[in-house]
Each structure stands twice: as C-alpha cells, then as structure tokens.
>>> print(open('final_24.pdb').read())   # PDB, C-alpha atoms, pLDDT in the B column
ATOM      1  CA  MET A   1      15.644 -91.684  19.783  1.00 55.00           C
ATOM      2  CA  SER A   2      15.908 -91.167  23.540  1.00 70.00           C
ATOM      3  CA  ILE A   3      19.331 -91.291  25.159  1.00 77.00           C
ATOM      4  CA  PRO A   4      19.568 -93.179  28.470  1.00 86.00           C
ATOM      5  CA  ALA A   5      20.684 -91.195  31.503  1.00 92.00           C
ATOM      6  CA  PHE A   6      24.259 -91.542  32.712  1.00 95.00           C
ATOM      7  CA  ASN A   7      24.792 -94.074  35.514  1.00 95.00           C
ATOM      8  CA  THR A   8      21.861 -96.232  34.397  1.00 95.00           C
ATOM      9  CA  VAL A   9      21.836 -99.741  32.964  1.00 94.00           C
ATOM     10  CA  ALA A  10      21.667 -99.082  29.237  1.00 94.00           C
ATOM     11  CA  TRP A  11      22.774-102.384  27.641  1.00 96.00           C
ATOM     12  CA  PHE A  12      23.072-106.062  28.429  1.00 97.00           C
ATOM     13  CA  GLN A  13      25.043-108.882  26.898  1.00 96.00           C
ATOM     14  CA  ILE A  14      24.531-112.607  26.980  1.00 97.00           C
ATOM     15  CA  GLY A  15      27.534-114.661  25.933  1.00 96.00           C
ATOM     16  CA  THR A  16      26.775-118.195  24.819  1.00 97.00           C
ATOM     17  CA  ASP A  17      28.356-121.085  22.987  1.00 97.00           C
ATOM     18  CA  ALA A  18      24.821-122.004  21.790  1.00 97.00           C
ATOM     19  CA  PRO A  19      23.497-118.806  20.160  1.00 97.00           C
ATOM     20  CA  GLU A  20      20.672-120.549  18.280  1.00 96.00           C
ATOM     21  CA  GLU A  21      19.370-122.012  21.536  1.00 97.00           C
ATOM     22  CA  ALA A  22      19.664-118.637  23.298  1.00 97.00           C
ATOM     23  CA  ARG A  23      17.773-116.876  20.500  1.00 96.00           C
ATOM     24  CA  ARG A  24      15.017-119.504  20.658  1.00 96.00           C
ATOM     25  CA  PHE A  25      14.800-119.394  24.461  1.00 97.00           C
ATOM     26  CA  TYR A  26      14.711-115.597  24.875  1.00 97.00           C
ATOM     27  CA  GLY A  27      12.533-115.171  21.794  1.00 96.00           C
ATOM     28  CA  ASP A  28       9.987-117.663  23.122  1.00 96.00           C
ATOM     29  CA  MET A  29      10.173-116.371  26.683  1.00 95.00           C
ATOM     30  CA  PHE A  30      10.111-112.591  26.104  1.00 95.00           C
ATOM     31  CA  GLY A  31       9.367-112.079  22.423  1.00 95.00           C
ATOM     32  CA  TRP A  32      12.843-110.649  21.775  1.00 96.00           C
ATOM     33  CA  ARG A  33      13.941-110.228  18.160  1.00 96.00           C
ATOM     34  CA  PHE A  34      17.496-110.805  16.935  1.00 97.00           C
ATOM     35  CA  THR A  35      19.467-109.377  14.025  1.00 96.00           C
ATOM     36  CA  SER A  36      23.109-109.901  13.150  1.00 96.00           C
ATOM     37  CA  ASP A  37      25.272-106.909  14.062  1.00 94.00           C
ATOM     38  CA  PRO A  38      26.661-105.613  10.756  1.00 91.00           C
ATOM     39  CA  GLN A  39      29.751-104.264  12.554  1.00 86.00           C
ATOM     40  CA  SER A  40      30.691-107.454  14.383  1.00 88.00           C
ATOM     41  CA  ASP A  41      30.981-111.079  13.330  1.00 88.00           C
ATOM     42  CA  GLY A  42      29.390-113.410  15.870  1.00 94.00           C
ATOM     43  CA  TYR A  43      27.166-110.874  17.635  1.00 96.00           C
ATOM     44  CA  ASP A  44      23.384-110.540  17.498  1.00 97.00           C
ATOM     45  CA  LEU A  45      21.567-107.355  18.449  1.00 97.00           C
ATOM     46  CA  VAL A  46      18.506-107.797  20.681  1.00 97.00           C
ATOM     47  CA  SER A  47      15.365-105.729  20.171  1.00 95.00           C
ATOM     48  CA  TYR A  48      11.986-105.978  21.803  1.00 91.00           C
ATOM     49  CA  GLU A  49       8.517-104.547  21.476  1.00 89.00           C
ATOM     50  CA  GLY A  50       8.358-100.821  22.178  1.00 87.00           C
ATOM     51  CA  ALA A  51      12.126-100.215  22.029  1.00 86.00           C
ATOM     52  CA  GLU A  52      13.363 -97.679  19.490  1.00 86.00           C
ATOM     53  CA  GLU A  53      16.832 -99.243  19.278  1.00 91.00           C
ATOM     54  CA  PRO A  54      18.481-102.550  20.233  1.00 94.00           C
ATOM     55  CA  ALA A  55      18.946-102.827  23.995  1.00 94.00           C
ATOM     56  CA  GLY A  56      21.368-105.726  24.230  1.00 96.00           C
ATOM     57  CA  GLY A  57      23.320-108.366  22.443  1.00 97.00           C
ATOM     58  CA  VAL A  58      24.124-112.034  22.231  1.00 97.00           C
ATOM     59  CA  ALA A  59      27.846-112.701  21.850  1.00 96.00           C
ATOM     60  CA  HIS A  60      28.812-116.012  20.252  1.00 97.00           C
ATOM     61  CA  VAL A  61      31.602-117.479  22.408  1.00 96.00           C
ATOM     62  CA  PRO A  62      33.714-120.534  21.541  1.00 96.00           C
ATOM     63  CA  ASP A  63      32.880-122.721  24.551  1.00 95.00           C
ATOM     64  CA  ALA A  64      30.684-122.945  27.650  1.00 95.00           C
ATOM     65  CA  SER A  65      33.481-121.768  29.961  1.00 95.00           C
ATOM     66  CA  GLN A  66      32.975-118.265  28.505  1.00 94.00           C
ATOM     67  CA  ASN A  67      29.174-118.164  28.866  1.00 95.00           C
ATOM     68  CA  HIS A  68      28.020-115.081  30.761  1.00 95.00           C
ATOM     69  CA  ALA A  69      25.361-112.473  31.281  1.00 95.00           C
ATOM     70  CA  VAL A  70      26.443-108.947  32.148  1.00 95.00           C
ATOM     71  CA  PHE A  71      24.797-105.541  32.363  1.00 97.00           C
ATOM     72  CA  PHE A  72      26.407-102.346  31.041  1.00 97.00           C
ATOM     73  CA  VAL A  73      26.069 -98.979  32.777  1.00 97.00           C
ATOM     74  CA  LEU A  74      26.328 -95.828  30.652  1.00 97.00           C
ATOM     75  CA  VAL A  75      28.929 -93.484  32.185  1.00 97.00           C
ATOM     76  CA  GLU A  76      30.444 -90.157  31.171  1.00 96.00           C
ATOM     77  CA  ASP A  77      34.041 -91.359  31.583  1.00 97.00           C
ATOM     78  CA  VAL A  78      35.057 -95.033  31.547  1.00 98.00           C
ATOM     79  CA  ASP A  79      38.504 -94.421  33.051  1.00 98.00           C
ATOM     80  CA  ALA A  80      37.022 -92.355  35.888  1.00 98.00           C
ATOM     81  CA  ALA A  81      34.478 -95.123  36.559  1.00 98.00           C
ATOM     82  CA  CYS A  82      37.334 -97.669  36.746  1.00 98.00           C
ATOM     83  CA  ALA A  83      39.146 -95.493  39.277  1.00 97.00           C
ATOM     84  CA  GLN A  84      35.937 -95.010  41.286  1.00 97.00           C
ATOM     85  CA  ALA A  85      35.286 -98.764  41.338  1.00 97.00           C
ATOM     86  CA  GLU A  86      38.726 -99.404  42.810  1.00 97.00           C
ATOM     87  CA  LYS A  87      38.285 -96.575  45.335  1.00 97.00           C
ATOM     88  CA  ALA A  88      34.947 -98.111  46.389  1.00 96.00           C
ATOM     89  CA  GLY A  89      36.490-101.561  46.982  1.00 97.00           C
ATOM     90  CA  GLY A  90      35.862-103.158  43.597  1.00 96.00           C
ATOM     91  CA  SER A  91      38.331-104.005  40.859  1.00 97.00           C
ATOM     92  CA  VAL A  92      38.910-103.703  37.133  1.00 98.00           C
ATOM     93  CA  ALA A  93      38.465-107.112  35.495  1.00 97.00           C
ATOM     94  CA  VAL A  94      39.053-105.957  31.898  1.00 97.00           C
ATOM     95  CA  PRO A  95      40.805-102.586  31.458  1.00 98.00           C
ATOM     96  CA  SER A  96      39.345 -99.894  29.204  1.00 98.00           C
ATOM     97  CA  VAL A  97      39.081-100.804  25.522  1.00 97.00           C
ATOM     98  CA  THR A  98      38.083 -98.598  22.594  1.00 97.00           C
ATOM     99  CA  THR A  99      36.556-100.330  19.567  1.00 93.00           C
ATOM    100  CA  PRO A 100      37.276 -99.158  16.010  1.00 92.00           C
ATOM    101  CA  ASP A 101      33.934 -97.312  15.904  1.00 91.00           C
ATOM    102  CA  GLY A 102      34.711 -95.396  19.139  1.00 94.00           C
ATOM    103  CA  LEU A 103      32.756 -97.395  21.735  1.00 95.00           C
ATOM    104  CA  ARG A 104      34.755 -97.406  24.991  1.00 97.00           C
ATOM    105  CA  PHE A 105      34.119 -99.970  27.736  1.00 98.00           C
ATOM    106  CA  ALA A 106      35.644-101.801  30.690  1.00 98.00           C
ATOM    107  CA  HIS A 107      34.534-104.747  32.829  1.00 97.00           C
ATOM    108  CA  LEU A 108      34.516-104.213  36.586  1.00 97.00           C
ATOM    109  CA  GLN A 109      33.855-106.360  39.643  1.00 96.00           C
ATOM    110  CA  ASP A 110      32.061-105.296  42.783  1.00 96.00           C
ATOM    111  CA  PRO A 111      33.545-106.272  46.173  1.00 93.00           C
ATOM    112  CA  SER A 112      31.578-109.570  46.086  1.00 92.00           C
ATOM    113  CA  GLY A 113      33.067-110.552  42.720  1.00 92.00           C
ATOM    114  CA  ASN A 114      29.996-109.811  40.578  1.00 93.00           C
ATOM    115  CA  ARG A 115      31.048-108.636  37.126  1.00 94.00           C
ATOM    116  CA  PHE A 116      29.435-105.732  35.287  1.00 97.00           C
ATOM    117  CA  ALA A 117      30.591-103.274  32.655  1.00 97.00           C
ATOM    118  CA  VAL A 118      30.667 -99.534  32.044  1.00 97.00           C
ATOM    119  CA  PHE A 119      30.675 -97.858  28.639  1.00 97.00           C
ATOM    120  CA  THR A 120      30.511 -94.649  26.676  1.00 97.00           C
ATOM    121  CA  PRO A 121      29.066 -94.773  23.159  1.00 93.00           C
ATOM    122  CA  PRO A 122      30.910 -93.578  20.075  1.00 92.00           C
ATOM    123  CA  THR A 123      30.643 -89.854  19.495  1.00 87.00           C
ATOM    124  CA  PRO A 124      28.788 -88.981  16.292  1.00 80.00           C
TER     125      PRO A 124
END
>>> encode(input="final_24.pdb", output="structure tokens")
Amino acid sequence: MSIPAFNTVAWFQIGTDAPEEARRFYGDMFGWRFTSDPQSDGYDLVSYEGAEEPAGGVAHVPDASQNHAVFFVLVEDVDAACAQAEKAGGSVAVPSVTTPDGLRFAHLQDPSGNRFAVFTPPTP
C-alpha cells in the first residue's frame, strides 16, 4: 500500500441526506464502488478501479442542510495546520477532533470561506 505524501489531498467526503441516490449517481458516472464502513454507522467507503484502498467516503446526514463535499489534506500535525491556516488568513471551522481509532482531523476555511479539512491517520 502506498502512503500519500504530506500536504496532498488524500481523502474526500460527500455528505448527503440521500445516500442511495449518491451511490447510484457516482457509481454510474465514475464506476465507484461502495462498502459500509465497519467502524462507523452511516458511512460508506468509496473505492475505484486501480486504487489499493478506499479514497473517500459518503456520510449519511439527517437533512439536506448538511449536504456537503469536502477534500481532506494529509498533514503531519493537525494542530499546527490549524494555527497555520489562521496565520495565513483562514479560520478553524471545526476544531481538532480525535476519533476512537486515533484519526485526528479538523475543518478549516480559506479566506474566501471555502471549507476543507486536514487529517492525520491513526498510528499503527
């Protein structure tokens, strides 16, 4: 398995209140495959031809007001990336969170208000 380089887009997430429709649309459009994430209820992992591992996910959200699409950048230090975003004129939209399995992430906004996320994977 190849590890993405730091500071590159290494994951994406689509949040939708209509996950069946999203799976059909992206499956038909790009040939993506979907499997339920065994570690999370209401999350599908996205795989596609030629990828060794899932590259994104579909989050099931309760209503259309929470629909979104966001890219995740792999960083060495989530807290340092949050500080750098603020120094560069952006902001922290969702402060750093660590999941039970050790994944750490935060959602940031660039100066124009575009949301993206940074993350570090769990350590083995």
>>> resolve_selection(input="final_24.pdb", expression="the PyMOL selection byres ((chain A and resi 16) around 10)", output="PyMOL selection string")
chain A and resi 13-15+17-22+58-69
>>> closest_residue(input="final_24.pdb", among="A:Arg23, A:Arg104, A:Lys87, A:Arg115", to="Thr35 of chain A", atoms="all atoms listed in the file")
A:Arg23
>>> closest_residue(input="final_24.pdb", among="A:Phe30, A:Asp44, A:Ala88, A:Asn7", to="Gly56 of chain A", atoms="all atoms listed in the file")
A:Asp44
>>> closest_residue(input="final_24.pdb", among="A:Ala81, A:Ala10, A:Ala51, A:Val46", to="Tyr26 of chain A", atoms="only C-alpha atoms")
A:Val46
>>> atom_distance(input="final_24.pdb", atom1="atom CA of Ser40 of chain A", atom2="atom CA of Ser91 of chain A")
27.8 Å
>>> resolve_selection(input="final_24.pdb", expression="the PyMOL selection byres ((chain A and resi 50) around 12)", output="PyMOL selection string")
chain A and resi 1+31-33+47-49+51-55
>>> write_last_selection(input="final_24.pdb", atoms="C-alpha atoms", output="mmCIF file, in the frame of the given file")
data_model
loop_
_atom_site.group_PDB
_atom_site.id
_atom_site.type_symbol
_atom_site.label_atom_id
_atom_site.label_comp_id
_atom_site.auth_asym_id
_atom_site.auth_seq_id
_atom_site.Cartn_x
_atom_site.Cartn_y
_atom_site.Cartn_z
ATOM 1 C CA MET A 1 15.644 -91.684 19.783
ATOM 2 C CA GLY A 31 9.367 -112.079 22.423
ATOM 3 C CA TRP A 32 12.843 -110.649 21.775
ATOM 4 C CA ARG A 33 13.941 -110.228 18.160
ATOM 5 C CA SER A 47 15.365 -105.729 20.171
ATOM 6 C CA TYR A 48 11.986 -105.978 21.803
ATOM 7 C CA GLU A 49 8.517 -104.547 21.476
ATOM 8 C CA ALA A 51 12.126 -100.215 22.029
ATOM 9 C CA GLU A 52 13.363 -97.679 19.490
ATOM 10 C CA GLU A 53 16.832 -99.243 19.278
ATOM 11 C CA PRO A 54 18.481 -102.550 20.233
ATOM 12 C CA ALA A 55 18.946 -102.827 23.995
#
>>> atom_distance(input="final_24.pdb", atom1="atom CA of Phe72 of chain A", atom2="atom CA of Trp11 of chain A")
5.0 Å
>>> atom_distance(input="final_24.pdb", atom1="atom CA of Gly42 of chain A", atom2="atom CA of Gly57 of chain A")
10.3 Å
>>> residues_near_point(input="final_24.pdb", point="(40.5, -103.1, 39.7)", cutoff="12 Å", atoms="all atoms listed in the file", output="JSON, numbers by chain")
{"A": [79, 80, 81, 82, 83, 84, 85, 86, 87, 88, 89, 90, 91, 92, 93, 94, 95, 96, 106, 107, 108, 109, 110, 111, 113, 115]}
>>> residues_around(input="final_24.pdb", residues="Thr98 of chain A", least_positions_apart="4", cutoff="10 Å", atoms="all atoms listed in the file", output="ChimeraX atom specification")
/A:102-106,119-122
>>> closest_residue(input="final_24.pdb", among="A:Ser2, A:Ala117, A:Phe12, A:Thr99", to="Leu45 of chain A", atoms="only C-alpha atoms")
A:Phe12
>>> closest_residue(input="final_24.pdb", among="A:Ala5, A:Ser112, A:Met29, A:Arg24", to="Val75 of chain A", atoms="all atoms listed in the file")
A:Ala5
>>> closest_residue(input="final_24.pdb", among="A:Pro100, A:Gly27, A:Tyr43, A:Val73", to="Thr8 of chain A", atoms="only C-alpha atoms")
A:Val73
>>> axis_aligned_box(input="final_24.pdb", around="segment 53-70 of chain A", padding_each_side="6 Å", output="lines of an AutoDock Vina configuration file")
center_x = 25.3
center_y = -111.1
center_z = 25.7
size_x = 28.9
size_y = 35.7
size_z = 24.9
>>> decode(input="final_24.pdb", residues="segment 17-28 of chain A", atoms="N, CA and C atoms", output="short mmCIF file (atom, residue, chain, number, x, y, z; two decimals), in the first residue's frame")
data_model
loop_
_atom_site.label_atom_id
_atom_site.label_comp_id
_atom_site.auth_asym_id
_atom_site.auth_seq_id
_atom_site.Cartn_x
_atom_site.Cartn_y
_atom_site.Cartn_z
N ASP A 17 -28.08 13.57 2.39
CA ASP A 17 -29.28 13.03 3.04
C ASP A 17 -29.94 11.98 2.14
N ALA A 18 -29.37 11.72 0.97
CA ALA A 18 -29.88 10.71 0.03
C ALA A 18 -28.73 9.79 -0.40
N PRO A 19 -28.20 8.97 0.53
CA PRO A 19 -27.03 8.16 0.20
C PRO A 19 -27.25 7.16 -0.94
N GLU A 20 -28.45 6.60 -1.05
CA GLU A 20 -28.71 5.65 -2.14
C GLU A 20 -28.58 6.35 -3.49
N GLU A 21 -29.13 7.56 -3.57
CA GLU A 21 -29.06 8.33 -4.81
C GLU A 21 -27.61 8.71 -5.12
N ALA A 22 -26.85 9.09 -4.11
CA ALA A 22 -25.44 9.45 -4.32
C ALA A 22 -24.65 8.24 -4.80
N ARG A 23 -24.87 7.08 -4.18
CA ARG A 23 -24.16 5.87 -4.61
C ARG A 23 -24.50 5.54 -6.06
N ARG A 24 -25.77 5.65 -6.44
CA ARG A 24 -26.17 5.38 -7.81
C ARG A 24 -25.52 6.37 -8.77
N PHE A 25 -25.60 7.67 -8.44
CA PHE A 25 -25.06 8.71 -9.31
C PHE A 25 -23.55 8.53 -9.52
N TYR A 26 -22.78 8.47 -8.44
CA TYR A 26 -21.32 8.39 -8.58
C TYR A 26 -20.88 7.02 -9.12
N GLY A 27 -21.64 5.98 -8.80
CA GLY A 27 -21.35 4.67 -9.37
C GLY A 27 -21.55 4.66 -10.87
N ASP A 28 -22.69 5.23 -11.31
CA ASP A 28 -22.96 5.30 -12.76
C ASP A 28 -21.99 6.23 -13.46
#
